[in-house]
Amino acid sequence: MNDRSSYPSVHAHRVIFIDLARALAVVLMIAGHTSSALLADNYRAGRWFDVWMFQRGLTSALFLLLAGFAFSIATTRHWSQHLRLSGTVVKRLRRFALFVILGYGLHFPVLRFSELAATTQAQWQSFVAVDVLQLIGVTLIALQLLVLVARTRRVFMVAAFAAAVALIAASPATWQTNWTMLMPLPLAAYFSPATGSLFPLFPWAAYVFVGAGAGLLYARWGAAHL
């Protein structure tokens, strides 16, 4: 069956609900950070505070799911162009790498490069800690490379879901490992929150992979029937 005929609506229309979900995630993110900054200490306990904290956690999960979902939708539209290391793929990889650079830039420990020699251990650890931008950038690069390896949409979808399960299953053992004894701190920060990372690959990258697999499911069935 021809690939284009298998995914008709995805090629013809913009998937508006992705934009709406992104807008909702932005609103929830701003509301969460604003409330956290203004909330008095005597309200930071109890059942409603726990519910609020749980809702704040959903914002991160939503952003990551949408990143993977949007990746698959955009890739499906021009699947054949992503099966070799072409200019299109290189340009995309550079864009994803920019997310990683921006993530580190937001945590740059000093005002001038000349002051890096005087960086303390605490400043250095804060700088290399993995935040959401580094996580999204690295995981999207992995997804782009997975397309090159998988070749077909079906294999890519199965591999994305399998990777998500593997990341979740491996997280307990990964978090218990002292990665700083095995590799440099900037790399170890991607494996465990013990290094100060807020969004290590285990298990947070699983959300992006689930989103990518769900995007392929939508492109194959949902785009035509939902």
# chains A, B, ... in the order shown; residues from 1 in each chain; ligands from 1

$ select_by_dssp --residues "region 26-201 of chain A" --states "helix (DSSP H, G or I)" --output "number ranges by chain"
A: 26-38, 41-43, 47-77, 79-82, 87-105, 113-118, 121-128, 132-150, 153-176, 179-181, 185-188, 193-195, 201

$ closest_residue --among "A:Leu198, A:Leu38, A:Ile73, A:Leu216" --to "Phe156 (chain A)" --atoms "only C-alpha atoms"
A:Leu216

$ closest_residue --among "A:Phe209, A:Phe127, A:Trp175, A:Trp221" --to "Leu102 (chain A)" --atoms "only C-alpha atoms"
A:Phe127

$ closest_residue --among "A:Thr75, A:Thr139, A:Ser197, A:Ala67" --to "His107 (chain A)" --atoms "only C-alpha atoms"
A:Ser197

$ residues_around --residues "region 184-194 of chain A" --least-positions-apart "4" --cutoff "7 Å" --atoms "only C-alpha atoms" --output "PyMOL selection string"
chain A and resi 128-130+174-175+179-180+198+200-202

$ write_last_selection --atoms "N, CA, C and O atoms" --output "mmCIF file, in the first residue's frame"
data_model
loop_
_atom_site.group_PDB
_atom_site.id
_atom_site.type_symbol
_atom_site.label_atom_id
_atom_site.label_comp_id
_atom_site.auth_asym_id
_atom_site.auth_seq_id
_atom_site.Cartn_x
_atom_site.Cartn_y
_atom_site.Cartn_z
ATOM 1 N N VAL A 128 25.546 21.598 34.607
ATOM 2 C CA VAL A 128 25.432 20.370 33.810
ATOM 3 C C VAL A 128 24.161 19.586 34.117
ATOM 4 O O VAL A 128 23.858 18.593 33.450
ATOM 5 N N ALA A 129 23.399 20.015 35.134
ATOM 6 C CA ALA A 129 22.147 19.325 35.449
ATOM 7 C C ALA A 129 21.201 19.366 34.251
ATOM 8 O O ALA A 129 21.075 20.390 33.578
ATOM 9 N N VAL A 130 20.539 18.260 33.999
ATOM 10 C CA VAL A 130 19.670 18.138 32.826
ATOM 11 C C VAL A 130 18.281 18.662 33.153
ATOM 12 O O VAL A 130 17.607 18.168 34.064
ATOM 13 N N THR A 174 18.714 2.287 37.401
ATOM 14 C CA THR A 174 19.518 3.416 36.929
ATOM 15 C C THR A 174 19.685 4.469 38.007
ATOM 16 O O THR A 174 20.772 5.025 38.194
ATOM 17 N N TRP A 175 18.624 4.733 38.752
ATOM 18 C CA TRP A 175 18.681 5.748 39.801
ATOM 19 C C TRP A 175 19.560 5.301 40.970
ATOM 20 O O TRP A 175 20.078 6.139 41.709
ATOM 21 N N TRP A 179 26.544 6.952 38.782
ATOM 22 C CA TRP A 179 27.078 7.135 37.443
ATOM 23 C C TRP A 179 28.314 8.017 37.427
ATOM 24 O O TRP A 179 29.117 7.961 36.492
ATOM 25 N N THR A 180 28.491 8.837 38.432
ATOM 26 C CA THR A 180 29.665 9.703 38.454
ATOM 27 C C THR A 180 30.958 8.912 38.626
ATOM 28 O O THR A 180 32.048 9.433 38.345
ATOM 29 N N LEU A 198 16.837 17.653 36.975
ATOM 30 C CA LEU A 198 15.385 17.633 37.181
ATOM 31 C C LEU A 198 14.696 16.667 36.227
ATOM 32 O O LEU A 198 13.664 16.083 36.549
ATOM 33 N N PRO A 200 16.190 13.740 34.105
ATOM 34 C CA PRO A 200 17.084 12.766 33.481
ATOM 35 C C PRO A 200 16.327 11.920 32.460
ATOM 36 O O PRO A 200 15.088 11.851 32.479
ATOM 37 N N LEU A 201 17.074 11.271 31.579
ATOM 38 C CA LEU A 201 16.441 10.454 30.540
ATOM 39 C C LEU A 201 15.577 9.343 31.125
ATOM 40 O O LEU A 201 14.550 8.980 30.545
ATOM 41 N N PHE A 202 16.014 8.808 32.257
ATOM 42 C CA PHE A 202 15.257 7.750 32.925
ATOM 43 C C PHE A 202 14.440 8.356 34.043
ATOM 44 O O PHE A 202 15.013 8.894 35.000
#
